[in-house]
Amino acid sequence: MKGFCLEEENKEGKNAVERELEETIVCNGLIRHTYVHLPPGCDTSKTLPLLIALHGRLGTGKKMSKQTGFNAIADRERFVVVYPDGIKRSWADGRGITRADAQNIDDVAFLDRLIQSLAAKFPVDLAGVYLVGHSNGGFMALRFSIERPRRVAAVAVVAASLTDDLAKRLDSATKQSAFFIHGTADAVTPYEGWSLPGGGRTLPVEDAAKAWATACGCSESPEPQKIDQAGINPRVFVKDYGSSENENQVKLYRLEAGGHAWPGEPEGLTGFGEKGGRHEINAGEEIWEFFKRVREHGIPRG
């Protein structure tokens, strides 16, 4: 059934909509779990945007929902948000350093099937699928966006960058807008890039944003900006690569002295590698505002 909200009788005998659901999907013989949050009052008359949020290594879908605050944003802005679980609390993002990679998990196939399954059950707009990831989940989001460009309208990553291999596969077929958020003091995924155990490397974040902008036809020389807000520390520097002829947009937030934590998350949720300053900006709000602009422009997928 496409486009429904599950209703049940509450203790007062009134209809109540169950908006927190756990879904299971079988992919390549593995049972995969994901958590779905529906906004209030959704029905079959209108499809809604779909946001898929991928947790970092050692995280979970439920933890990602607490870190990002996307549920409250989804209720206000009316979109469906989904938090899948990776295998062994990780994603096979292609770098060869996670448990999922070690088990040769095909997470590209899983996310592809997840989107199809969600579209068959819930009122989601397949032209409005947005992918978000933190750390390992961010690398996975970038990989999926490059390998399945027709599935995703825009991607946003926190504490993640492109690998050499993914950067080489960027071309004009990559039509998604992209938003990078990264702290300069991140010790887990360094802002200036680093070498991988297999001999490859992860690009400096600014090189990754520039490569994506070039592939999308955006400006390669953005005018730097600064967000001046009272009480915001560390400072936020913005590189906005503008829009291409097809209205694709690429943006980078450089969080001066920012660490590995999801900006704006409650204390104590990152769990490891939390060096560098915590940041008071709300990454969830900033990301959804970016996606809203993408949606308003009606940017075509690749």
# chains A, B, ... in the order shown; residues from 1 in each chain; ligands from 1

call {"tool": "select_by_dssp", "arguments": {"residues": "range 53-272 of chain A", "states": "helix (DSSP H, G or I)", "output": "PyMOL selection string"}}
result
chain A and resi 61-68+70-77+99-102+107-121+136-147+164-168+205-216

call {"tool": "residues_around", "arguments": {"residues": "Glu20 in chain A", "least_positions_apart": "5", "cutoff": "9 Å", "atoms": "only C-alpha atoms", "output": "list in words"}}
result
Tyr35, Val36, His37 and Leu38 of chain A

call {"tool": "select_by_dssp", "arguments": {"residues": "range 92-166 of chain A", "states": "strand (DSSP E)", "output": "VMD selection string"}}
result
chain A and resid 124 to 134 154 to 158

call {"tool": "write_last_selection", "arguments": {"atoms": "N, CA and C atoms", "output": "short mmCIF file (atom, residue, chain, number, x, y, z; two decimals), in the first residue's frame"}}
result
data_model
loop_
_atom_site.label_atom_id
_atom_site.label_comp_id
_atom_site.auth_asym_id
_atom_site.auth_seq_id
_atom_site.Cartn_x
_atom_site.Cartn_y
_atom_site.Cartn_z
N VAL A 124 5.80 9.12 0.26
CA VAL A 124 7.04 9.85 0.00
C VAL A 124 7.16 10.20 -1.47
N ASP A 125 7.82 11.32 -1.72
CA ASP A 125 8.06 11.84 -3.06
C ASP A 125 9.41 11.35 -3.54
N LEU A 126 9.44 10.48 -4.54
CA LEU A 126 10.71 9.93 -5.02
C LEU A 126 11.58 10.98 -5.70
N ALA A 127 11.01 12.11 -6.08
CA ALA A 127 11.81 13.21 -6.63
C ALA A 127 12.36 14.10 -5.52
N GLY A 128 12.01 13.80 -4.27
CA GLY A 128 12.45 14.61 -3.14
C GLY A 128 13.08 13.76 -2.06
N VAL A 129 14.08 12.94 -2.45
CA VAL A 129 14.80 12.10 -1.50
C VAL A 129 16.12 12.79 -1.14
N TYR A 130 16.34 13.01 0.16
CA TYR A 130 17.52 13.72 0.63
C TYR A 130 18.31 12.82 1.58
N LEU A 131 19.62 12.81 1.41
CA LEU A 131 20.48 11.89 2.15
C LEU A 131 21.44 12.68 3.03
N VAL A 132 21.51 12.29 4.31
CA VAL A 132 22.36 12.95 5.30
C VAL A 132 23.22 11.89 5.98
N GLY A 133 24.46 12.24 6.29
CA GLY A 133 25.29 11.30 7.02
C GLY A 133 26.30 12.00 7.91
N HIS A 134 26.64 11.33 9.01
CA HIS A 134 27.66 11.83 9.94
C HIS A 134 28.84 10.87 9.92
N ALA A 154 19.60 15.64 -3.17
CA ALA A 154 20.67 16.41 -2.55
C ALA A 154 21.25 15.59 -1.40
N VAL A 155 22.52 15.89 -1.07
CA VAL A 155 23.21 15.17 -0.01
C VAL A 155 23.87 16.18 0.91
N ALA A 156 23.90 15.87 2.22
CA ALA A 156 24.59 16.70 3.20
C ALA A 156 25.38 15.81 4.13
N VAL A 157 26.64 16.20 4.40
CA VAL A 157 27.50 15.37 5.25
C VAL A 157 28.17 16.22 6.31
N VAL A 158 28.30 15.62 7.48
CA VAL A 158 28.99 16.24 8.61
C VAL A 158 30.19 15.36 8.94
#

call {"tool": "atom_distance", "arguments": {"atom1": "CA of Phe144 in chain A", "atom2": "CA of Asp106 in chain A"}}
result
10.7 Å

call {"tool": "atom_distance", "arguments": {"atom1": "CA of Asp186 in chain A", "atom2": "CA of Asp207 in chain A"}}
result
16.4 Å

call {"tool": "residues_around", "arguments": {"residues": "Leu54 in chain A", "least_positions_apart": "6", "cutoff": "9 Å", "atoms": "only C-alpha atoms", "output": "list in words"}}
result
Thr60, Gly61, Met64, Val82, Tyr83, Pro84, Asp85, Gly86, Trp91, Leu131, Val132, Gly133, His134, Ser135, Asn136, Gly137, Gly138, Met140 and Ala141 of chain A

call {"tool": "residues_around", "arguments": {"residues": "Arg295 in chain A", "least_positions_apart": "3", "cutoff": "12 Å", "atoms": "only C-alpha atoms", "output": "PyMOL selection string"}}
result
chain A and resi 48-50+79+125+127-130+152-154+176-177+247-249+288-292+298-301

call {"tool": "atom_distance", "arguments": {"atom1": "CA of Arg143 in chain A", "atom2": "CA of Ala160 in chain A"}}
result
11.0 Å

call {"tool": "closest_residue", "arguments": {"among": "A:Ile287, A:Leu21, A:Cys27, A:Val236", "to": "Arg113 in chain A", "atoms": "only C-alpha atoms"}}
result
A:Cys27

call {"tool": "closest_residue", "arguments": {"among": "A:Lys66, A:Ala53, A:Ser117, A:Ile105", "to": "Ile25 in chain A", "atoms": "only C-alpha atoms"}}
result
A:Ser117

call {"tool": "closest_residue", "arguments": {"among": "A:Ile227, A:Trp194, A:His297, A:Glu267", "to": "Ser243 in chain A", "atoms": "only C-alpha atoms"}}
result
A:His297

call {"tool": "residues_around", "arguments": {"residues": "range 253-257 of chain A", "least_positions_apart": "3", "cutoff": "12 Å", "atoms": "only C-alpha atoms", "output": "ChimeraX atom specification"}}
result
/A:156-159,178-187,190-192,204-206,209,224-227,232-241,250,260-263,274-283,286-287,290
